[in-house]
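S.K.: This is the structure I want to talk about, given as structure tokens.
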Amino acid sequence: MLSNERARGIVWQLLLLAAVVGVGWYLVDNTQHNLAQRQIRVGFDFLGREAGFEIAESRIAYSPADTYGRALLAGISNTLWVSALGIVAATLLGTLVGIGRLSTNWLVARLAGGYVEFMRNIPLLLQLFVWYGLFTELLPPVREALAFGDFAFWSQRGLRIAWPQPHPAWQAAGWGLVAAIALAIGWRQTARVRQQRTGRQWPVFVPALVLLLGLPLLAWWLGGAPTEFDRPVLRGFNFAGGLVVTPEFLALLIGLSTYTAAFIAEVVRAGIQSVDRGQGEAAMSLGLSPAQQLRLVTLPQALRVIVPPMTSQYLNLTKNSSLAVAIGYPDLVSVANTSMNQTGQAIEAIVILMAVYLAISLAISLFMNWYNARVRLVER
């Protein structure tokens, strides 16, 4: 049997699997034995107990009377929120810088290159400290806040912005925006199919813009068109009311975005340079402008090179968000550390951290793999 190559491969795989299972069983058994000797209780029962600590900001409703499970959900929501915004901002900025590096304008190309080299060679943690220091040291105190009318105030405590009062019309406008995005995507697909069949190109940008602006506005108007705003007002040592954007959140978001954008810029530059120069010359011969050449010819072909390494950068940004604990932003790691210190459930907290980051990374990878399969070029 061992003379058969396929059989040998199966045997070696079974032996390797047995070795992995054996090592895993030994580690688990040894851990349980050591915990029992030290009378350390393990389990996730602590998630149902009252947390008793505050979280400075949260995307979901939370109070100290809530459970540790709720506190961890608040940390997860903060991590997902800053990661999602950071991915969008880093993608836009990195794409612009990557295109700028290939510009024929000497100054633009050098500035883009300098940005990439500067950002990539300074540790992210140091950059976060710099941004946090800028927002907390250079901005004025609360009583001397920079005022933008009575709608916004910017101080060391963060940015306070007037925000619409709760009303069903605003929820209707939000759902209208979701519907407008879906309709705009459907219109773009319809226009693309028609162009492939007939060669005629329907306008896409203007109809999509009309949908994105008109449908939410129509839903807001039909809901009663409320205009009441919750305006920030100085009370005591801080502002009350309105929407607050904390310096911790701003520092983390800007730091993650600008740092990751430098790596994305190199990915975009490499992807564009991978496209054969003859494609650009053919586009020019058809009378396409440089912008049309980039949007319709170069970038669609470059995506097959751009998307896979871009996935790695998205994963890096999400995992780097764990550095938020260094500047006081209450992300998942920060909340888990507090829970661990109060309950002593270190193993469980670490398991939760690993499971959450693994789930987020797998979700991003699955989505990007799906997108990569849609945009890849099909050879004939």
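Please note that chains go A, B, ... in the order of the structure tokens, that every chain numbers its residues from 1, and that ligands are numbered from 1 in the order shown.
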Can you pull out the residues contacting A:Leu211? Cut-off 8 Å, using only C-alpha atoms, and skip same-chain residues under 4 positions away; I want them as a ChimeraX atom specification.
M.R.: /A:180-181,183-184,207,215
S.K.: Kindly save the residues from that selection, with N, CA and C atoms included, as a compact mmCIF listing (two decimals), in the first residue's frame.
M.R.:
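The result, written out as selection-v3.txt:
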```txt
# COMPACT_ATOMS: atom_id res chain seq x y z
N ALA A 180 -32.44 53.94 -2.14
CA ALA A 180 -31.81 54.66 -3.24
C ALA A 180 -30.49 54.01 -3.65
N ILE A 181 -29.72 53.54 -2.67
CA ILE A 181 -28.47 52.85 -2.98
C ILE A 181 -28.74 51.58 -3.78
N LEU A 183 -31.39 50.91 -5.65
CA LEU A 183 -31.87 51.27 -6.99
C LEU A 183 -30.73 51.78 -7.87
N ALA A 184 -29.80 52.54 -7.26
CA ALA A 184 -28.67 53.05 -8.04
C ALA A 184 -27.78 51.91 -8.53
N PRO A 207 -28.44 59.94 -12.85
CA PRO A 207 -29.59 59.24 -12.24
C PRO A 207 -29.30 58.72 -10.83
N LEU A 215 -34.65 60.55 -3.15
CA LEU A 215 -35.49 59.58 -2.43
C LEU A 215 -35.48 59.81 -0.91
```
S.K.: Give me, as CSV, the closest atom pair and its distance (Å, one decimal) for every residue of stretch 53-133 of chain A within a cut-off of 12 Å of stretch 291-295 of chain A, counting only C-alpha atoms, rows sorted by chain and rising number.
M.R.:
```
residue,atom,partner,partner_atom,distance
A:Thr95,CA,A:Leu294,CA,11.9
A:Ile99,CA,A:Leu294,CA,9.3
A:Leu102,CA,A:Leu294,CA,11.6
A:Ser103,CA,A:Leu294,CA,11.8
```
S.K.: For the selection just defined, write its residues with all heavy atoms to a file, as a short mmCIF file (atom, residue, chain, number, x, y, z; two decimals), in the first residue's frame.
M.R.:
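That gives us out04.cif:
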```cif
data_model
loop_
_atom_site.label_atom_id
_atom_site.label_comp_id
_atom_site.auth_asym_id
_atom_site.auth_seq_id
_atom_site.Cartn_x
_atom_site.Cartn_y
_atom_site.Cartn_z
N THR A 95 -6.41 55.25 -2.72
CA THR A 95 -6.59 55.23 -4.18
C THR A 95 -6.13 56.53 -4.80
O THR A 95 -5.43 56.54 -5.83
CB THR A 95 -8.07 54.96 -4.53
OG1 THR A 95 -8.47 53.71 -3.96
CG2 THR A 95 -8.27 54.93 -6.03
N ILE A 99 -2.90 56.82 -7.33
CA ILE A 99 -3.00 57.42 -8.67
C ILE A 99 -2.07 58.62 -8.77
O ILE A 99 -1.42 58.86 -9.80
CB ILE A 99 -4.46 57.83 -8.96
CG1 ILE A 99 -5.34 56.58 -9.03
CG2 ILE A 99 -4.56 58.63 -10.25
CD1 ILE A 99 -6.83 56.89 -9.15
N LEU A 102 1.52 58.09 -9.82
CA LEU A 102 1.76 57.86 -11.25
C LEU A 102 1.48 59.09 -12.09
O LEU A 102 1.49 59.02 -13.32
CB LEU A 102 0.88 56.70 -11.73
CG LEU A 102 1.11 55.36 -11.03
CD1 LEU A 102 0.09 54.33 -11.49
CD2 LEU A 102 2.53 54.85 -11.27
N SER A 103 1.20 60.22 -11.42
CA SER A 103 0.88 61.45 -12.14
C SER A 103 2.09 61.95 -12.93
O SER A 103 3.25 61.79 -12.51
CB SER A 103 0.41 62.52 -11.16
OG SER A 103 0.24 63.76 -11.81
#
```
S.K.: Record the distance separating atom CA of A:Val116 and atom CA of A:Leu362, expressed in Å with one decimal.
M.R.: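 Straight-line distance from atom CA of A:Val116 to atom CA of A:Leu362 works out to 28.0 Å.
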S.K.: Show me, as a list of chain:residue names, the residues that have an atom within 12 Å of A:Gly149 when counting only C-alpha atoms, minus same-chain residues fewer than 3 positions from it.
M.R.: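 After dropping sequence-adjacent residues, the list is A:Ala145, A:Leu146, A:Ala152, A:Phe153, A:Trp154, A:Arg160, A:Ile161, A:Ala162, A:Arg231, A:Pro232, A:Val233.
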S.K.: As a list in words, please: every residue in stretch 6-241 of chain A that DSSP puts in strand (DSSP E).
M.R.: Leu146, Ala147, Phe148, Ala152, Phe153, Trp154, Ser155, Gly158, Leu159, Arg160, Ile161, Trp163, Pro164, Phe229, Asp230, Val233, Leu234, Arg235, Asn238, Phe239 and Ala240 of chain A
S.K.: Hey, what does DSSP flag as alpha helix (DSSP H) within stretch 125-325 of chain A? Can you give it to me as JSON, numbers by chain?
M.R.: {"A": [125, 126, 127, 128, 129, 130, 131, 132, 133, 168, 169, 170, 171, 172, 173, 174, 175, 176, 177, 178, 179, 180, 181, 182, 183, 184, 185, 186, 187, 188, 189, 190, 191, 192, 193, 194, 195, 196, 197, 198, 205, 206, 207, 208, 209, 210, 211, 212, 213, 214, 215, 216, 217, 218, 219, 220, 221, 222, 247, 248, 249, 250, 251, 252, 253, 254, 255, 256, 257, 258, 259, 260, 261, 262, 263, 264, 265, 266, 267, 268, 269, 270, 271, 272, 273, 277, 278, 279, 280, 281, 282, 283, 284, 285, 290, 291, 292, 299, 300, 301, 302, 303, 304, 305, 306, 307, 308, 309, 310, 311, 312, 313, 314, 315, 316, 317, 318, 319, 320]}
S.K.: Within 12 Å of A:Leu159, counting only C-alpha atoms, which residues qualify if same-chain residues fewer than 2 places away don't, as a PyMOL selection string?
M.R.: chain A and resi 135-136+139-142+145-148+151-157+161-162+232+238-250
S.K.: Show which residues sit within 9 Å of stretch 271-282 of chain A, as a PyMOL selection string. Count only C-alpha atoms, and ignore same-chain residues fewer than 2 positions away.
M.R.: chain A and resi 98-99+102+266-269+284-287+290+293-294+297-299+301-307
S.K.: Let's have the selection written as a JSON list (two decimals), in the first residue's frame, with C-alpha atoms.
M.R.:
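Now in part.json:
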```
[["chain", "number", "residue", "atom", "x", "y", "z"],
["A", 98, "GLY", "CA", -1.73, 55.70, -5.54],
["A", 99, "ILE", "CA", -3.00, 57.42, -8.67],
["A", 102, "LEU", "CA", 1.76, 57.86, -11.25],
["A", 266, "GLU", "CA", 1.25, 51.12, -3.18],
["A", 267, "VAL", "CA", -1.25, 48.34, -3.92],
["A", 268, "VAL", "CA", -3.18, 50.63, -6.28],
["A", 269, "ARG", "CA", 0.00, 51.86, -7.95],
["A", 284, "MET", "CA", -6.49, 57.13, -26.27],
["A", 285, "SER", "CA", -6.97, 56.14, -29.91],
["A", 286, "LEU", "CA", -10.70, 55.81, -29.22],
["A", 287, "GLY", "CA", -10.78, 59.40, -27.98],
["A", 290, "PRO", "CA", -7.44, 60.42, -19.22],
["A", 293, "GLN", "CA", -9.26, 55.84, -19.61],
["A", 294, "LEU", "CA", -8.53, 55.34, -15.91],
["A", 297, "VAL", "CA", -10.10, 50.73, -19.01],
["A", 298, "THR", "CA", -7.24, 50.75, -16.53],
["A", 299, "LEU", "CA", -8.87, 50.31, -13.11],
["A", 301, "GLN", "CA", -8.27, 45.47, -15.38],
["A", 302, "ALA", "CA", -6.12, 46.44, -12.39],
["A", 303, "LEU", "CA", -8.69, 45.18, -9.88],
["A", 304, "ARG", "CA", -7.59, 41.56, -10.35],
["A", 305, "VAL", "CA", -4.18, 42.61, -8.98],
["A", 306, "ILE", "CA", -5.48, 45.14, -6.44],
["A", 307, "VAL", "CA", -8.23, 43.23, -4.63]]
```
S.K.: Which residue, A:Glu5, A:Glu348, A:Glu57, A:Asp45, has the smallest gap to A:Ala74 when you use only C-alpha atoms?
M.R.: A:Glu57
S.K.: Any idea what's packed within 12 Å of A:Gln342, counting only C-alpha atoms, ignoring anything in its chain fewer than 2 positions away? Could you give it as a PyMOL selection string?
M.R.: chain A and resi 46-47+49-53+68+335-340+344-346+349
S.K.: Output all heavy atoms of each residue in that selection to a file, as a compact mmCIF listing (two decimals), in the first residue's frame.
M.R.:
```
# COMPACT_ATOMS: atom_id res chain seq x y z
N PHE A 46 -19.91 34.63 33.91
CA PHE A 46 -19.72 36.03 34.30
C PHE A 46 -20.38 36.98 33.30
O PHE A 46 -20.66 38.14 33.64
CB PHE A 46 -18.23 36.35 34.40
CG PHE A 46 -17.53 36.50 33.09
CD1 PHE A 46 -17.31 37.76 32.53
CD2 PHE A 46 -17.11 35.38 32.38
CE1 PHE A 46 -16.65 37.90 31.32
CE2 PHE A 46 -16.45 35.51 31.17
CZ PHE A 46 -16.22 36.77 30.64
N LEU A 47 -20.66 36.52 32.08
CA LEU A 47 -21.27 37.39 31.07
C LEU A 47 -22.66 37.85 31.49
O LEU A 47 -23.14 38.88 31.01
CB LEU A 47 -21.34 36.66 29.73
CG LEU A 47 -20.00 36.34 29.06
CD1 LEU A 47 -20.23 35.55 27.78
CD2 LEU A 47 -19.23 37.62 28.76
N ARG A 49 -23.50 38.61 34.65
CA ARG A 49 -23.44 39.42 35.87
C ARG A 49 -23.37 40.90 35.52
O ARG A 49 -22.97 41.30 34.42
CB ARG A 49 -22.22 39.02 36.72
CG ARG A 49 -22.21 37.55 37.13
CD ARG A 49 -21.41 37.34 38.40
NE ARG A 49 -20.04 37.82 38.27
CZ ARG A 49 -19.00 37.04 37.97
NH1 ARG A 49 -19.20 35.73 37.75
NH2 ARG A 49 -17.79 37.52 37.91
N GLU A 50 -23.75 41.73 36.49
CA GLU A 50 -23.73 43.18 36.28
C GLU A 50 -22.30 43.67 36.14
O GLU A 50 -21.42 43.33 36.93
CB GLU A 50 -24.41 43.88 37.45
CG GLU A 50 -24.45 45.39 37.32
CD GLU A 50 -25.15 46.06 38.49
OE1 GLU A 50 -26.11 45.45 39.03
OE2 GLU A 50 -24.73 47.17 38.87
N ALA A 51 -22.07 44.51 35.13
CA ALA A 51 -20.71 44.98 34.85
C ALA A 51 -20.26 46.02 35.87
O ALA A 51 -19.17 45.92 36.44
CB ALA A 51 -20.63 45.55 33.44
N GLY A 52 -21.07 47.05 36.08
CA GLY A 52 -20.73 48.04 37.11
C GLY A 52 -19.70 49.08 36.70
O GLY A 52 -19.23 49.83 37.54
N PHE A 53 -19.32 49.13 35.45
CA PHE A 53 -18.38 50.17 35.01
C PHE A 53 -18.96 50.89 33.80
O PHE A 53 -19.77 50.34 33.05
CB PHE A 53 -17.00 49.59 34.69
CG PHE A 53 -16.99 48.61 33.55
CD1 PHE A 53 -16.81 49.03 32.24
CD2 PHE A 53 -17.15 47.25 33.78
CE1 PHE A 53 -16.78 48.12 31.19
CE2 PHE A 53 -17.13 46.33 32.74
CZ PHE A 53 -16.94 46.77 31.44
N TYR A 68 -21.93 42.09 31.75
CA TYR A 68 -20.64 42.06 31.06
C TYR A 68 -20.82 41.70 29.59
O TYR A 68 -20.07 42.19 28.73
CB TYR A 68 -19.71 41.04 31.73
CG TYR A 68 -19.11 41.52 33.02
CD1 TYR A 68 -19.57 41.06 34.23
CD2 TYR A 68 -18.07 42.45 33.01
CE1 TYR A 68 -19.02 41.49 35.43
CE2 TYR A 68 -17.51 42.90 34.20
CZ TYR A 68 -17.99 42.41 35.41
OH TYR A 68 -17.43 42.87 36.59
N VAL A 335 -12.60 47.11 26.67
CA VAL A 335 -13.70 46.60 27.49
C VAL A 335 -13.36 45.21 28.04
O VAL A 335 -13.64 44.89 29.20
CB VAL A 335 -15.00 46.56 26.67
CG1 VAL A 335 -16.12 45.90 27.47
CG2 VAL A 335 -15.40 47.96 26.26
N ALA A 336 -12.74 44.37 27.21
CA ALA A 336 -12.36 43.04 27.67
C ALA A 336 -11.31 43.11 28.77
O ALA A 336 -11.36 42.32 29.73
CB ALA A 336 -11.83 42.21 26.49
N ASN A 337 -10.38 44.04 28.68
CA ASN A 337 -9.38 44.19 29.74
C ASN A 337 -10.03 44.59 31.06
O ASN A 337 -9.67 44.07 32.13
CB ASN A 337 -8.34 45.24 29.33
CG ASN A 337 -7.35 44.71 28.32
OD1 ASN A 337 -7.18 43.51 28.17
ND2 ASN A 337 -6.70 45.62 27.60
N THR A 338 -10.97 45.53 31.00
CA THR A 338 -11.67 45.93 32.22
C THR A 338 -12.45 44.77 32.82
O THR A 338 -12.42 44.53 34.03
CB THR A 338 -12.62 47.11 31.93
OG1 THR A 338 -11.88 48.19 31.35
CG2 THR A 338 -13.29 47.59 33.19
N SER A 339 -13.15 44.03 31.95
CA SER A 339 -13.91 42.87 32.43
C SER A 339 -12.99 41.82 33.04
O SER A 339 -13.30 41.22 34.07
CB SER A 339 -14.71 42.26 31.27
OG SER A 339 -15.57 43.21 30.68
N MET A 340 -11.84 41.61 32.41
CA MET A 340 -10.88 40.63 32.90
C MET A 340 -10.35 41.03 34.28
O MET A 340 -10.22 40.19 35.18
CB MET A 340 -9.72 40.52 31.89
CG MET A 340 -8.71 39.45 32.19
SD MET A 340 -7.24 39.61 31.12
CE MET A 340 -7.99 39.85 29.51
N GLY A 344 -11.49 38.41 36.87
CA GLY A 344 -10.43 37.42 36.91
C GLY A 344 -10.58 36.31 35.88
O GLY A 344 -9.81 35.36 35.89
N GLN A 345 -11.54 36.45 34.97
CA GLN A 345 -11.77 35.44 33.93
C GLN A 345 -10.87 35.75 32.72
O GLN A 345 -11.35 36.10 31.65
CB GLN A 345 -13.24 35.42 33.52
CG GLN A 345 -14.22 35.31 34.66
CD GLN A 345 -14.20 33.94 35.31
OE1 GLN A 345 -14.31 33.81 36.51
NE2 GLN A 345 -14.07 32.91 34.51
N ALA A 346 -9.58 35.60 32.90
CA ALA A 346 -8.63 35.98 31.85
C ALA A 346 -8.73 35.07 30.63
O ALA A 346 -8.74 35.55 29.48
CB ALA A 346 -7.20 35.96 32.40
N ALA A 349 -11.91 35.80 28.63
CA ALA A 349 -11.84 37.08 27.93
C ALA A 349 -10.95 36.98 26.69
O ALA A 349 -11.27 37.52 25.63
CB ALA A 349 -11.33 38.17 28.87
```
S.K.: Find the residue from A:Ala251, A:Leu15, A:Leu80, A:Val333 that sits nearest to A:Gly158; use only C-alpha atoms when measuring.
M.R.: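 Under the stated criterion, the closest residue is A:Ala251.
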S.K.: Return the single residue from A:Thr67, A:Phe44, A:Val325, A:Gly100 that is closest to A:Val351, with distances computed using only C-alpha atoms.
M.R.: A:Phe44
S.K.: Provide the atom CA of A:Leu177 to atom CA of A:Leu85 distance in Å, to one decimal place.
M.R.: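 Rounded to one decimal, the two atoms are 17.7 Å apart.
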S.K.: Compare A:Leu93, A:Ala173, A:Leu17, A:Phe263 by their minimum atom-to-atom distance to A:Phe118, counting only C-alpha atoms, and give me the closest one.
M.R.: A:Phe263
S.K.: Could you check how far atom CA of A:Phe129 sits from atom CA of A:Leu234, in Å to one decimal?
M.R.: 28.1 Å
S.K.: Go through A:Arg376, A:Gln127, A:Leu111, A:Ile352 and flag the residue nearest A:Gly69, using only C-alpha atoms for the distances.
M.R.: A:Ile352
S.K.: Can you pull out the residues contacting A:Thr190? Cut-off 12 Å, using only C-alpha atoms, and skip same-chain residues under 4 positions away; I want them as a ChimeraX atom specification.
M.R.: /A:183-186,194-197,200-204
